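With compact mmCIF, N, CA and C atoms inside, this is final.txt:
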# COMPACT_ATOMS: atom_id res chain seq x y z
N MET V 116 28.86 -4.85 -1.05
CA MET V 116 27.80 -5.49 -0.29
C MET V 116 26.64 -4.50 -0.12
N SER V 117 25.48 -4.94 -0.46
CA SER V 117 24.32 -4.06 -0.32
C SER V 117 23.55 -4.43 0.94
N SER V 118 22.94 -3.44 1.53
CA SER V 118 22.13 -3.69 2.72
C SER V 118 20.67 -3.79 2.32
N THR V 119 19.90 -4.42 3.19
CA THR V 119 18.47 -4.55 2.93
C THR V 119 17.70 -3.82 4.02
N ILE V 120 16.44 -3.55 3.71
CA ILE V 120 15.57 -2.84 4.63
C ILE V 120 14.22 -3.55 4.68
N ALA V 121 13.62 -3.57 5.86
CA ALA V 121 12.32 -4.21 6.03
C ALA V 121 11.23 -3.43 5.31
N ILE V 122 10.24 -4.15 4.82
CA ILE V 122 9.08 -3.50 4.23
C ILE V 122 7.82 -3.92 4.98
N HIS V 123 6.82 -3.07 4.91
CA HIS V 123 5.56 -3.29 5.61
C HIS V 123 4.41 -3.28 4.63
N TYR V 124 3.40 -4.09 4.93
CA TYR V 124 2.17 -4.15 4.14
C TYR V 124 1.02 -3.76 5.05
N GLN V 125 0.16 -2.87 4.58
CA GLN V 125 -1.04 -2.49 5.35
C GLN V 125 -2.20 -2.35 4.38
N LEU V 126 -3.27 -3.04 4.67
CA LEU V 126 -4.48 -2.92 3.86
C LEU V 126 -5.35 -1.85 4.49
N TYR V 127 -5.77 -0.89 3.67
CA TYR V 127 -6.61 0.22 4.12
C TYR V 127 -7.99 0.10 3.48
N THR V 128 -8.97 0.61 4.18
CA THR V 128 -10.32 0.65 3.65
C THR V 128 -10.85 2.07 3.68
N THR V 129 -11.72 2.36 2.75
CA THR V 129 -12.34 3.67 2.69
C THR V 129 -13.78 3.51 2.23
N GLU V 130 -14.57 4.49 2.57
CA GLU V 130 -15.92 4.54 2.04
C GLU V 130 -15.95 5.63 1.01
N ALA V 131 -16.76 5.46 0.00
CA ALA V 131 -16.84 6.45 -1.07
C ALA V 131 -17.27 7.80 -0.51
N THR V 132 -16.68 8.86 -1.06
CA THR V 132 -17.06 10.21 -0.68
C THR V 132 -17.59 10.91 -1.91
N ASP V 133 -18.19 12.06 -1.72
CA ASP V 133 -18.72 12.81 -2.85
C ASP V 133 -17.64 13.64 -3.55
N GLY V 134 -16.40 13.52 -3.08
CA GLY V 134 -15.29 14.24 -3.69
C GLY V 134 -15.01 15.59 -3.05
N SER V 135 -15.93 16.09 -2.20
CA SER V 135 -15.72 17.40 -1.57
C SER V 135 -14.87 17.28 -0.30
N THR V 136 -14.69 16.08 0.20
CA THR V 136 -13.87 15.87 1.39
C THR V 136 -12.83 14.80 1.10
N ALA V 137 -11.75 14.84 1.84
CA ALA V 137 -10.70 13.84 1.67
C ALA V 137 -11.24 12.47 2.08
N PRO V 138 -10.79 11.43 1.41
CA PRO V 138 -11.27 10.10 1.80
C PRO V 138 -10.82 9.76 3.21
N LYS V 139 -11.58 8.94 3.87
CA LYS V 139 -11.23 8.51 5.22
C LYS V 139 -10.69 7.10 5.11
N LEU V 140 -9.39 6.99 5.02
CA LEU V 140 -8.75 5.68 4.96
C LEU V 140 -8.35 5.26 6.36
N ASP V 141 -8.62 4.03 6.67
CA ASP V 141 -8.24 3.46 7.96
C ASP V 141 -7.73 2.06 7.75
N PRO V 142 -6.83 1.60 8.62
CA PRO V 142 -6.43 0.19 8.54
C PRO V 142 -7.67 -0.69 8.65
N VAL V 143 -7.67 -1.78 7.90
CA VAL V 143 -8.84 -2.67 7.91
C VAL V 143 -9.08 -3.23 9.31
N GLU V 144 -10.35 -3.50 9.59
CA GLU V 144 -10.73 -4.04 10.89
C GLU V 144 -11.64 -5.25 10.80
N SER V 145 -12.37 -5.37 9.69
CA SER V 145 -13.32 -6.49 9.60
C SER V 145 -12.55 -7.80 9.51
N GLU V 146 -13.16 -8.85 10.00
CA GLU V 146 -12.52 -10.16 10.02
C GLU V 146 -12.13 -10.60 8.60
N LYS V 147 -13.01 -10.36 7.65
CA LYS V 147 -12.75 -10.75 6.27
C LYS V 147 -11.58 -9.97 5.68
N ASP V 148 -11.54 -8.65 5.92
CA ASP V 148 -10.44 -7.83 5.41
C ASP V 148 -9.12 -8.16 6.09
N LEU V 149 -9.16 -8.43 7.39
CA LEU V 149 -7.94 -8.82 8.11
C LEU V 149 -7.40 -10.15 7.60
N GLU V 150 -8.29 -11.05 7.24
CA GLU V 150 -7.87 -12.33 6.67
C GLU V 150 -7.20 -12.11 5.31
N LEU V 151 -7.77 -11.22 4.50
CA LEU V 151 -7.17 -10.88 3.21
C LEU V 151 -5.78 -10.28 3.42
N GLN V 152 -5.66 -9.37 4.38
CA GLN V 152 -4.36 -8.75 4.68
C GLN V 152 -3.35 -9.80 5.13
N ALA V 153 -3.77 -10.73 5.96
CA ALA V 153 -2.86 -11.78 6.45
C ALA V 153 -2.34 -12.64 5.30
N VAL V 154 -3.20 -12.98 4.35
CA VAL V 154 -2.77 -13.78 3.21
C VAL V 154 -1.79 -12.99 2.34
N ILE V 155 -2.06 -11.70 2.15
CA ILE V 155 -1.15 -10.84 1.37
C ILE V 155 0.21 -10.78 2.05
N ARG V 156 0.23 -10.53 3.35
CA ARG V 156 1.50 -10.45 4.07
C ARG V 156 2.26 -11.77 4.05
N ALA V 157 1.54 -12.88 4.20
CA ALA V 157 2.18 -14.20 4.25
C ALA V 157 2.81 -14.58 2.92
N ALA V 158 2.29 -14.05 1.82
CA ALA V 158 2.84 -14.39 0.50
C ALA V 158 4.27 -13.88 0.34
N ASP V 159 4.63 -12.82 1.04
CA ASP V 159 5.99 -12.27 0.96
C ASP V 159 6.77 -12.82 2.14
N THR V 160 7.54 -13.84 1.90
CA THR V 160 8.25 -14.52 2.99
C THR V 160 9.50 -13.77 3.44
N SER V 161 10.02 -12.86 2.64
CA SER V 161 11.23 -12.14 3.06
C SER V 161 10.92 -10.77 3.65
N ARG V 162 9.97 -10.07 3.09
CA ARG V 162 9.60 -8.71 3.48
C ARG V 162 10.80 -7.79 3.67
N ARG V 163 11.75 -7.92 2.75
CA ARG V 163 12.94 -7.07 2.75
C ARG V 163 13.29 -6.74 1.31
N VAL V 164 13.83 -5.54 1.11
CA VAL V 164 14.32 -5.13 -0.21
C VAL V 164 15.69 -4.50 -0.04
N THR V 165 16.41 -4.41 -1.14
CA THR V 165 17.69 -3.72 -1.13
C THR V 165 17.46 -2.25 -0.83
N SER V 166 18.27 -1.70 0.05
CA SER V 166 18.19 -0.28 0.37
C SER V 166 19.02 0.50 -0.63
N VAL V 167 18.37 1.47 -1.30
CA VAL V 167 19.06 2.28 -2.29
C VAL V 167 18.91 3.76 -1.94
N GLY V 168 19.68 4.61 -2.61
CA GLY V 168 19.83 6.00 -2.20
C GLY V 168 18.69 6.97 -2.42
N THR V 169 18.00 6.90 -3.55
CA THR V 169 16.99 7.92 -3.81
C THR V 169 15.58 7.35 -3.65
N VAL V 170 14.62 8.23 -3.43
CA VAL V 170 13.23 7.81 -3.30
C VAL V 170 12.76 7.13 -4.58
N ALA V 171 13.07 7.71 -5.73
CA ALA V 171 12.64 7.12 -7.00
C ALA V 171 13.20 5.72 -7.17
N ALA V 172 14.48 5.56 -6.87
CA ALA V 172 15.11 4.24 -6.99
C ALA V 172 14.52 3.26 -5.98
N GLN V 173 14.27 3.73 -4.75
CA GLN V 173 13.71 2.86 -3.73
C GLN V 173 12.30 2.41 -4.11
N ASN V 174 11.51 3.33 -4.68
CA ASN V 174 10.17 2.96 -5.13
C ASN V 174 10.22 1.94 -6.26
N ARG V 175 11.19 2.07 -7.15
CA ARG V 175 11.35 1.10 -8.24
C ARG V 175 11.68 -0.28 -7.67
N VAL V 176 12.64 -0.32 -6.74
CA VAL V 176 13.03 -1.59 -6.11
C VAL V 176 11.84 -2.19 -5.37
N LEU V 177 11.10 -1.36 -4.65
CA LEU V 177 9.94 -1.81 -3.88
C LEU V 177 8.86 -2.36 -4.82
N SER V 178 8.58 -1.65 -5.89
CA SER V 178 7.57 -2.09 -6.86
C SER V 178 7.98 -3.41 -7.51
N GLU V 179 9.23 -3.52 -7.92
CA GLU V 179 9.72 -4.76 -8.53
C GLU V 179 9.61 -5.93 -7.56
N HIS V 180 9.91 -5.66 -6.29
CA HIS V 180 9.81 -6.71 -5.28
C HIS V 180 8.36 -7.19 -5.13
N VAL V 181 7.44 -6.24 -5.00
CA VAL V 181 6.03 -6.61 -4.81
C VAL V 181 5.51 -7.36 -6.03
N GLU V 182 5.90 -6.94 -7.23
CA GLU V 182 5.47 -7.63 -8.44
C GLU V 182 6.00 -9.05 -8.50
N ALA V 183 7.16 -9.32 -7.85
CA ALA V 183 7.77 -10.64 -7.88
C ALA V 183 7.24 -11.57 -6.77
N VAL V 184 6.49 -11.02 -5.81
CA VAL V 184 5.94 -11.86 -4.73
C VAL V 184 4.97 -12.85 -5.36
N PRO V 185 5.08 -14.12 -5.00
CA PRO V 185 4.19 -15.13 -5.61
C PRO V 185 2.78 -15.13 -5.00
N PHE V 186 2.07 -14.00 -5.16
CA PHE V 186 0.68 -13.96 -4.70
C PHE V 186 -0.12 -14.98 -5.48
N ASP V 187 -0.96 -15.73 -4.82
CA ASP V 187 -1.85 -16.68 -5.47
C ASP V 187 -3.13 -15.94 -5.81
N LEU V 188 -3.09 -15.17 -6.91
CA LEU V 188 -4.21 -14.31 -7.27
C LEU V 188 -5.24 -15.06 -8.10
N PRO V 189 -6.49 -14.74 -7.96
CA PRO V 189 -7.04 -13.79 -6.99
C PRO V 189 -7.05 -14.38 -5.59
N ILE V 190 -7.04 -13.50 -4.60
CA ILE V 190 -7.13 -13.89 -3.19
C ILE V 190 -8.54 -13.56 -2.75
N PHE V 191 -9.33 -14.57 -2.44
CA PHE V 191 -10.74 -14.38 -2.07
C PHE V 191 -11.46 -13.53 -3.12
N ASP V 192 -11.18 -13.78 -4.38
CA ASP V 192 -11.74 -13.06 -5.52
C ASP V 192 -11.21 -11.63 -5.68
N TYR V 193 -10.24 -11.20 -4.87
CA TYR V 193 -9.65 -9.87 -4.99
C TYR V 193 -8.38 -9.93 -5.81
N LEU V 194 -8.17 -8.90 -6.61
CA LEU V 194 -6.93 -8.74 -7.36
C LEU V 194 -6.20 -7.51 -6.84
N ILE V 195 -4.89 -7.61 -6.71
CA ILE V 195 -4.06 -6.45 -6.38
C ILE V 195 -3.65 -5.85 -7.71
N ARG V 196 -3.94 -4.59 -7.92
CA ARG V 196 -3.65 -3.94 -9.20
C ARG V 196 -2.14 -3.69 -9.33
N LEU V 197 -1.37 -4.77 -9.43
CA LEU V 197 0.09 -4.67 -9.53
C LEU V 197 0.53 -3.90 -10.76
N ASP V 198 -0.33 -3.80 -11.75
CA ASP V 198 0.00 -3.08 -12.97
C ASP V 198 -0.11 -1.57 -12.83
N ASP V 199 -0.58 -1.10 -11.68
CA ASP V 199 -0.83 0.34 -11.52
C ASP V 199 -0.42 0.85 -10.13
N PRO V 200 0.89 0.77 -9.80
CA PRO V 200 1.31 1.28 -8.49
C PRO V 200 1.31 2.80 -8.45
N LYS V 201 1.01 3.36 -7.30
CA LYS V 201 1.08 4.80 -7.08
C LYS V 201 2.16 5.05 -6.04
N GLU V 202 2.96 6.08 -6.22
CA GLU V 202 4.07 6.36 -5.32
C GLU V 202 3.65 7.35 -4.26
N SER V 203 3.19 6.85 -3.14
CA SER V 203 2.73 7.71 -2.05
C SER V 203 2.64 6.92 -0.76
N LEU V 204 2.55 7.68 0.33
CA LEU V 204 2.40 7.13 1.67
C LEU V 204 1.15 7.75 2.28
N TRP V 205 0.31 6.95 2.93
CA TRP V 205 -0.90 7.49 3.55
C TRP V 205 -0.52 8.21 4.83
N ASP V 206 -0.94 9.46 4.96
CA ASP V 206 -0.71 10.26 6.15
C ASP V 206 -2.03 10.39 6.90
N ARG V 207 -2.11 9.75 8.05
CA ARG V 207 -3.37 9.76 8.82
C ARG V 207 -3.74 11.15 9.30
N GLU V 208 -2.75 11.97 9.65
CA GLU V 208 -3.04 13.32 10.13
C GLU V 208 -3.53 14.23 9.00
N GLU V 209 -2.86 14.17 7.86
CA GLU V 209 -3.23 15.01 6.72
C GLU V 209 -4.44 14.45 5.97
N ARG V 210 -4.73 13.16 6.19
CA ARG V 210 -5.84 12.46 5.54
C ARG V 210 -5.69 12.45 4.02
N LYS V 211 -4.44 12.17 3.57
CA LYS V 211 -4.21 12.10 2.13
C LYS V 211 -2.94 11.30 1.85
N TRP V 212 -2.83 10.87 0.61
CA TRP V 212 -1.60 10.24 0.15
C TRP V 212 -0.58 11.36 -0.07
N ILE V 213 0.62 11.19 0.45
CA ILE V 213 1.64 12.22 0.33
C ILE V 213 2.92 11.67 -0.31
N ARG V 214 3.67 12.57 -0.91
CA ARG V 214 4.95 12.18 -1.51
C ARG V 214 5.93 11.76 -0.40
N VAL V 215 6.78 10.84 -0.75
CA VAL V 215 7.78 10.34 0.20
C VAL V 215 9.07 11.12 -0.01
N GLU V 216 9.72 11.49 1.09
CA GLU V 216 11.01 12.17 0.95
C GLU V 216 12.15 11.32 1.46
N THR V 217 11.85 10.24 2.18
CA THR V 217 12.88 9.31 2.66
C THR V 217 12.33 7.90 2.52
N GLY V 218 13.14 7.00 1.96
CA GLY V 218 12.70 5.62 1.83
C GLY V 218 11.85 5.43 0.59
N GLY V 219 10.93 4.49 0.67
CA GLY V 219 10.04 4.22 -0.46
C GLY V 219 8.66 3.88 0.03
N ALA V 220 7.65 4.22 -0.74
CA ALA V 220 6.27 3.91 -0.40
C ALA V 220 5.41 3.91 -1.65
N ILE V 221 4.65 2.85 -1.81
CA ILE V 221 3.74 2.73 -2.94
C ILE V 221 2.42 2.16 -2.45
N TYR V 222 1.39 2.31 -3.27
CA TYR V 222 0.13 1.66 -2.93
C TYR V 222 -0.56 1.18 -4.19
N TYR V 223 -1.45 0.22 -3.99
CA TYR V 223 -2.18 -0.41 -5.07
C TYR V 223 -3.65 -0.50 -4.70
N ALA V 224 -4.50 -0.38 -5.69
CA ALA V 224 -5.92 -0.68 -5.48
C ALA V 224 -6.03 -2.19 -5.34
N VAL V 225 -6.94 -2.62 -4.47
CA VAL V 225 -7.24 -4.03 -4.29
C VAL V 225 -8.74 -4.16 -4.51
N GLU V 226 -9.12 -4.90 -5.53
CA GLU V 226 -10.54 -4.88 -5.87
C GLU V 226 -11.02 -6.20 -6.45
N LYS V 227 -12.33 -6.36 -6.38
CA LYS V 227 -12.99 -7.44 -7.09
C LYS V 227 -14.22 -6.83 -7.75
N GLU V 228 -14.86 -7.62 -8.57
CA GLU V 228 -15.92 -7.09 -9.42
C GLU V 228 -16.97 -6.27 -8.67
N ASP V 229 -17.44 -6.75 -7.54
CA ASP V 229 -18.51 -6.05 -6.82
C ASP V 229 -17.98 -5.20 -5.66
N ASP V 230 -16.67 -4.99 -5.60
CA ASP V 230 -16.09 -4.24 -4.48
C ASP V 230 -14.86 -3.47 -4.96
N ALA V 231 -15.07 -2.49 -5.82
CA ALA V 231 -13.97 -1.68 -6.35
C ALA V 231 -13.93 -0.35 -5.62
N GLY V 232 -12.72 0.18 -5.40
CA GLY V 232 -12.56 1.49 -4.80
C GLY V 232 -12.62 1.53 -3.29
N ARG V 233 -12.71 0.37 -2.63
CA ARG V 233 -12.82 0.35 -1.17
C ARG V 233 -11.51 0.00 -0.48
N LEU V 234 -10.69 -0.83 -1.11
CA LEU V 234 -9.46 -1.31 -0.46
C LEU V 234 -8.21 -0.85 -1.20
N PHE V 235 -7.19 -0.51 -0.41
CA PHE V 235 -5.90 -0.12 -0.95
C PHE V 235 -4.81 -0.81 -0.13
N LEU V 236 -3.77 -1.27 -0.82
CA LEU V 236 -2.64 -1.91 -0.15
C LEU V 236 -1.48 -0.94 -0.15
N GLY V 237 -1.08 -0.50 1.04
CA GLY V 237 0.09 0.34 1.20
C GLY V 237 1.30 -0.54 1.48
N VAL V 238 2.41 -0.26 0.81
CA VAL V 238 3.66 -0.99 1.01
C VAL V 238 4.75 0.07 1.14
N TRP V 239 5.53 0.00 2.22
CA TRP V 239 6.57 1.01 2.42
C TRP V 239 7.76 0.41 3.13
N THR V 240 8.89 1.11 2.98
CA THR V 240 10.12 0.67 3.64
C THR V 240 10.13 1.17 5.09
N GLU V 241 10.79 0.43 5.93
CA GLU V 241 10.97 0.83 7.33
C GLU V 241 11.52 2.24 7.38
N GLY V 242 10.91 3.10 8.17
CA GLY V 242 11.39 4.46 8.34
C GLY V 242 11.03 5.43 7.23
N ALA V 243 10.19 5.02 6.29
CA ALA V 243 9.79 5.94 5.22
C ALA V 243 9.08 7.14 5.83
N THR V 244 9.38 8.32 5.32
CA THR V 244 8.72 9.53 5.81
C THR V 244 8.19 10.31 4.63
N GLY V 245 7.10 11.01 4.89
CA GLY V 245 6.47 11.80 3.84
C GLY V 245 6.88 13.25 3.92
N ALA V 246 6.79 13.93 2.79
CA ALA V 246 7.08 15.35 2.72
C ALA V 246 5.98 16.11 3.46
N ARG V 247 6.33 17.14 4.16
CA ARG V 247 5.36 17.96 4.92
C ARG V 247 5.31 19.36 4.38
N GLY V 248 4.15 19.97 4.53
CA GLY V 248 3.99 21.39 4.20
C GLY V 248 4.12 21.69 2.73
N GLY V 249 3.05 22.18 2.16
CA GLY V 249 3.06 22.64 0.79
C GLY V 249 3.03 21.54 -0.25
N THR V 250 2.87 20.29 0.16
CA THR V 250 2.81 19.23 -0.82
C THR V 250 1.38 18.99 -1.24
N GLU V 251 1.22 18.61 -2.44
CA GLU V 251 -0.09 18.30 -2.98
C GLU V 251 -0.42 16.84 -2.67
N ALA V 252 -1.68 16.58 -2.50
CA ALA V 252 -2.12 15.19 -2.35
C ALA V 252 -1.89 14.48 -3.67
N ILE V 253 -1.58 13.23 -3.59
CA ILE V 253 -1.38 12.41 -4.78
C ILE V 253 -2.67 11.67 -5.03
N ALA V 254 -3.20 11.76 -6.21
CA ALA V 254 -4.45 11.07 -6.53
C ALA V 254 -4.17 9.68 -7.07

Starting from the file, lay out its structure as structure tokens.
Amino acid sequence: MSSTIAIHYQLYTTEATDGSTAPKLDPVESEKDLELQAVIRAADTSRRVTSVGTVAAQNRVLSEHVEAVPFDLPIFDYLIRLDDPKESLWDREERKWIRVETGGAIYYAVEKEDDAGRLFLGVWTEGATGARGGTEAIA
């Protein structure tokens, strides 16, 4: 018998930087972005995945689950770049994407033709934690 674990979806927004400073990602706040986030979350009616032992395996299970969610794409002309997941968790204190050492965490660019590079969808398992100290930011 396998156990399952809850997963979370968070849409983040950033403004372009000149590359000399870390991006400032924050949970979305605008009414339009919150509506997009609500539709994304509602598409996944289970929001649970099988809990597996290693981070790599958990990220694979998480990615496969997200790819199988019946998103009605595009959503408000936005596409979730399901073809290009990145394995990282956003750390608000460090202000960067960090490697996960427990659980699973991935993110995707969310974009439309006139709005690329501003939105990212973070998806992670309940209790996922990032590696601290000496880790490189994930681009």

To one decimal in Å, tell me the separation between atom C of Glu146 (chain V) and CA of Ala220 (chain V).
->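 Between atom C of Glu146 (chain V) and CA of Ala220 (chain V) the gap works out to 25.1 Å.
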
Residue with smallest distance to Ala224 (chain V) - pool V:Ala246, V:Val238, V:Ala153, V:Leu194, counting only N, CA and C atoms = V:Leu194

Write out, as a Markdown table, each residue of region 196-252 of chain V that has an atom at most 10 Å from region 164-170 of chain V, together with the closest pair of atoms and their distance in Å to one decimal, counting only C-alpha atoms, rows going by chain and rising number.
| residue | atom | partner | partner_atom | distance |
| --- | --- | --- | --- | --- |
| V:Glu202 | CA | V:Val170 | CA | 9.5 |
| V:Arg214 | CA | V:Val170 | CA | 9.5 |
| V:Val215 | CA | V:Val170 | CA | 7.0 |
| V:Glu216 | CA | V:Val170 | CA | 6.5 |
| V:Thr217 | CA | V:Val170 | CA | 6.2 |
| V:Gly218 | CA | V:Val170 | CA | 5.6 |
| V:Gly219 | CA | V:Val170 | CA | 5.6 |
| V:Ala220 | CA | V:Val170 | CA | 8.5 |
| V:Thr240 | CA | V:Val164 | CA | 8.1 |
| V:Ala243 | CA | V:Val170 | CA | 9.4 |

If you measure from atom C of Leu197 (chain V) to atom C of Thr128 (chain V), what distance in Å do you get, rounded to one decimal?
->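 A separation of 19.3 Å between them.
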
Option closest in space to Leu177 (chain V), from V:Lys139, V:His123, V:Arg156, V:Arg233 [counting only C-alpha atoms] = V:His123

Write down as a VMD selection string the residues belonging to region 177-242 of chain V that are assigned helix (DSSP H, G or I) by DSSP computed on the backbone.
-> chain V and resid 177 to 183

Please, what distance in Å, to one decimal, runs between atom N of Glu179 (chain V) and CA of Asp206 (chain V)?
->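 These two atoms are separated by 22.1 Å.
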
Top pick for closest residue to Ser161 (chain V), considering V:Val143, V:Thr119, V:Asp198, V:Glu208 and counting only C-alpha atoms =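 So, comparing all the options, the nearest one is V:Thr119.
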
List every protein, DNA or RNA residue with an atom no more than 12 Å from (2.6, -12.6, -5.7) in the file's coordinates, counting only C-alpha atoms, and format the result as a ChimeraX atom specification.
-> /V:154-160,178-190,194-197

Have a look at V:Ser117, V:Tyr124, V:Arg207, V:Tyr193 and name the one nearest to Gly237 (chain V); count only C-alpha atoms.
-> V:Tyr124

Picked from chain V by DSSP as strand (DSSP E or B), as a tab-separated table (two decimals) with N, CA and C atoms, keeping the file's coordinate frame:
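See selection-v6.tsv below for the written result:
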chain	number	residue	atom	x	y	z
V	119	THR	N	19.90	-4.42	3.19
V	119	THR	CA	18.47	-4.55	2.93
V	119	THR	C	17.70	-3.82	4.02
V	120	ILE	N	16.44	-3.55	3.71
V	120	ILE	CA	15.57	-2.84	4.63
V	120	ILE	C	14.22	-3.55	4.68
V	121	ALA	N	13.62	-3.57	5.86
V	121	ALA	CA	12.32	-4.21	6.03
V	121	ALA	C	11.23	-3.43	5.31
V	122	ILE	N	10.24	-4.15	4.82
V	122	ILE	CA	9.08	-3.50	4.23
V	122	ILE	C	7.82	-3.92	4.98
V	123	HIS	N	6.82	-3.07	4.91
V	123	HIS	CA	5.56	-3.29	5.61
V	123	HIS	C	4.41	-3.28	4.63
V	124	TYR	N	3.40	-4.09	4.93
V	124	TYR	CA	2.17	-4.15	4.14
V	124	TYR	C	1.02	-3.76	5.05
V	125	GLN	N	0.16	-2.87	4.58
V	125	GLN	CA	-1.04	-2.49	5.35
V	125	GLN	C	-2.20	-2.35	4.38
V	126	LEU	N	-3.27	-3.04	4.67
V	126	LEU	CA	-4.48	-2.92	3.86
V	126	LEU	C	-5.35	-1.85	4.49
V	127	TYR	N	-5.77	-0.89	3.67
V	127	TYR	CA	-6.61	0.22	4.12
V	127	TYR	C	-7.99	0.10	3.48
V	128	THR	N	-8.97	0.61	4.18
V	128	THR	CA	-10.32	0.65	3.65
V	128	THR	C	-10.85	2.07	3.68
V	141	ASP	N	-8.62	4.03	6.67
V	141	ASP	CA	-8.24	3.46	7.96
V	141	ASP	C	-7.73	2.06	7.75
V	142	PRO	N	-6.83	1.60	8.62
V	142	PRO	CA	-6.43	0.19	8.54
V	142	PRO	C	-7.67	-0.69	8.65
V	163	ARG	N	11.75	-7.92	2.75
V	163	ARG	CA	12.94	-7.07	2.75
V	163	ARG	C	13.29	-6.74	1.31
V	164	VAL	N	13.83	-5.54	1.11
V	164	VAL	CA	14.32	-5.13	-0.21
V	164	VAL	C	15.69	-4.50	-0.04
V	165	THR	N	16.41	-4.41	-1.14
V	165	THR	CA	17.69	-3.72	-1.13
V	165	THR	C	17.46	-2.25	-0.83
V	190	ILE	N	-7.04	-13.50	-4.60
V	190	ILE	CA	-7.13	-13.89	-3.19
V	190	ILE	C	-8.54	-13.56	-2.75
V	193	TYR	N	-10.24	-11.20	-4.87
V	193	TYR	CA	-9.65	-9.87	-4.99
V	193	TYR	C	-8.38	-9.93	-5.81
V	194	LEU	N	-8.17	-8.90	-6.61
V	194	LEU	CA	-6.93	-8.74	-7.36
V	194	LEU	C	-6.20	-7.51	-6.84
V	195	ILE	N	-4.89	-7.61	-6.71
V	195	ILE	CA	-4.06	-6.45	-6.38
V	195	ILE	C	-3.65	-5.85	-7.71
V	201	LYS	N	1.01	3.36	-7.30
V	201	LYS	CA	1.08	4.80	-7.08
V	201	LYS	C	2.16	5.05	-6.04
V	204	LEU	N	2.55	7.68	0.33
V	204	LEU	CA	2.40	7.13	1.67
V	204	LEU	C	1.15	7.75	2.28
V	205	TRP	N	0.31	6.95	2.93
V	205	TRP	CA	-0.90	7.49	3.55
V	205	TRP	C	-0.52	8.21	4.83
V	206	ASP	N	-0.94	9.46	4.96
V	206	ASP	CA	-0.71	10.26	6.15
V	206	ASP	C	-2.03	10.39	6.90
V	211	LYS	N	-4.44	12.17	3.57
V	211	LYS	CA	-4.21	12.10	2.13
V	211	LYS	C	-2.94	11.30	1.85
V	212	TRP	N	-2.83	10.87	0.61
V	212	TRP	CA	-1.60	10.24	0.15
V	212	TRP	C	-0.58	11.36	-0.07
V	213	ILE	N	0.62	11.19	0.45
V	213	ILE	CA	1.64	12.22	0.33
V	213	ILE	C	2.92	11.67	-0.31
V	215	VAL	N	6.78	10.84	-0.75
V	215	VAL	CA	7.78	10.34	0.20
V	215	VAL	C	9.07	11.12	-0.01
V	216	GLU	N	9.72	11.49	1.09
V	216	GLU	CA	11.01	12.17	0.95
V	216	GLU	C	12.15	11.32	1.46
V	217	THR	N	11.85	10.24	2.18
V	217	THR	CA	12.88	9.31	2.66
V	217	THR	C	12.33	7.90	2.52
V	220	ALA	N	7.65	4.22	-0.74
V	220	ALA	CA	6.27	3.91	-0.40
V	220	ALA	C	5.41	3.91	-1.65
V	221	ILE	N	4.65	2.85	-1.81
V	221	ILE	CA	3.74	2.73	-2.94
V	221	ILE	C	2.42	2.16	-2.45
V	222	TYR	N	1.39	2.31	-3.27
V	222	TYR	CA	0.13	1.66	-2.93
V	222	TYR	C	-0.56	1.18	-4.19
V	223	TYR	N	-1.45	0.22	-3.99
V	223	TYR	CA	-2.18	-0.41	-5.07
V	223	TYR	C	-3.65	-0.50	-4.70
V	224	ALA	N	-4.50	-0.38	-5.69
V	224	ALA	CA	-5.92	-0.68	-5.48
V	224	ALA	C	-6.03	-2.19	-5.34
V	225	VAL	N	-6.94	-2.62	-4.47
V	225	VAL	CA	-7.24	-4.03	-4.29
V	225	VAL	C	-8.74	-4.16	-4.51
V	226	GLU	N	-9.12	-4.90	-5.53
V	226	GLU	CA	-10.54	-4.88	-5.87
V	226	GLU	C	-11.02	-6.20	-6.45
V	227	LYS	N	-12.33	-6.36	-6.38
V	227	LYS	CA	-12.99	-7.44	-7.09
V	227	LYS	C	-14.22	-6.83	-7.75
V	230	ASP	N	-16.67	-4.99	-5.60
V	230	ASP	CA	-16.09	-4.24	-4.48
V	230	ASP	C	-14.86	-3.47	-4.96
V	231	ALA	N	-15.07	-2.49	-5.82
V	231	ALA	CA	-13.97	-1.68	-6.35
V	231	ALA	C	-13.93	-0.35	-5.62
V	232	GLY	N	-12.72	0.18	-5.40
V	232	GLY	CA	-12.56	1.49	-4.80
V	232	GLY	C	-12.62	1.53	-3.29
V	233	ARG	N	-12.71	0.37	-2.63
V	233	ARG	CA	-12.82	0.35	-1.17
V	233	ARG	C	-11.51	0.00	-0.48
V	234	LEU	N	-10.69	-0.83	-1.11
V	234	LEU	CA	-9.46	-1.31	-0.46
V	234	LEU	C	-8.21	-0.85	-1.20
V	235	PHE	N	-7.19	-0.51	-0.41
V	235	PHE	CA	-5.90	-0.12	-0.95
V	235	PHE	C	-4.81	-0.81	-0.13
V	236	LEU	N	-3.77	-1.27	-0.82
V	236	LEU	CA	-2.64	-1.91	-0.15
V	236	LEU	C	-1.48	-0.94	-0.15
V	237	GLY	N	-1.08	-0.50	1.04
V	237	GLY	CA	0.09	0.34	1.20
V	237	GLY	C	1.30	-0.54	1.48
V	238	VAL	N	2.41	-0.26	0.81
V	238	VAL	CA	3.66	-0.99	1.01
V	238	VAL	C	4.75	0.07	1.14
V	239	TRP	N	5.53	0.00	2.22
V	239	TRP	CA	6.57	1.01	2.42
V	239	TRP	C	7.76	0.41	3.13
V	240	THR	N	8.89	1.11	2.98
V	240	THR	CA	10.12	0.67	3.64
V	240	THR	C	10.13	1.17	5.09
V	244	THR	N	9.38	8.32	5.32
V	244	THR	CA	8.72	9.53	5.81
V	244	THR	C	8.19	10.31	4.63
V	245	GLY	N	7.10	11.01	4.89
V	245	GLY	CA	6.47	11.80	3.84
V	245	GLY	C	6.88	13.25	3.92
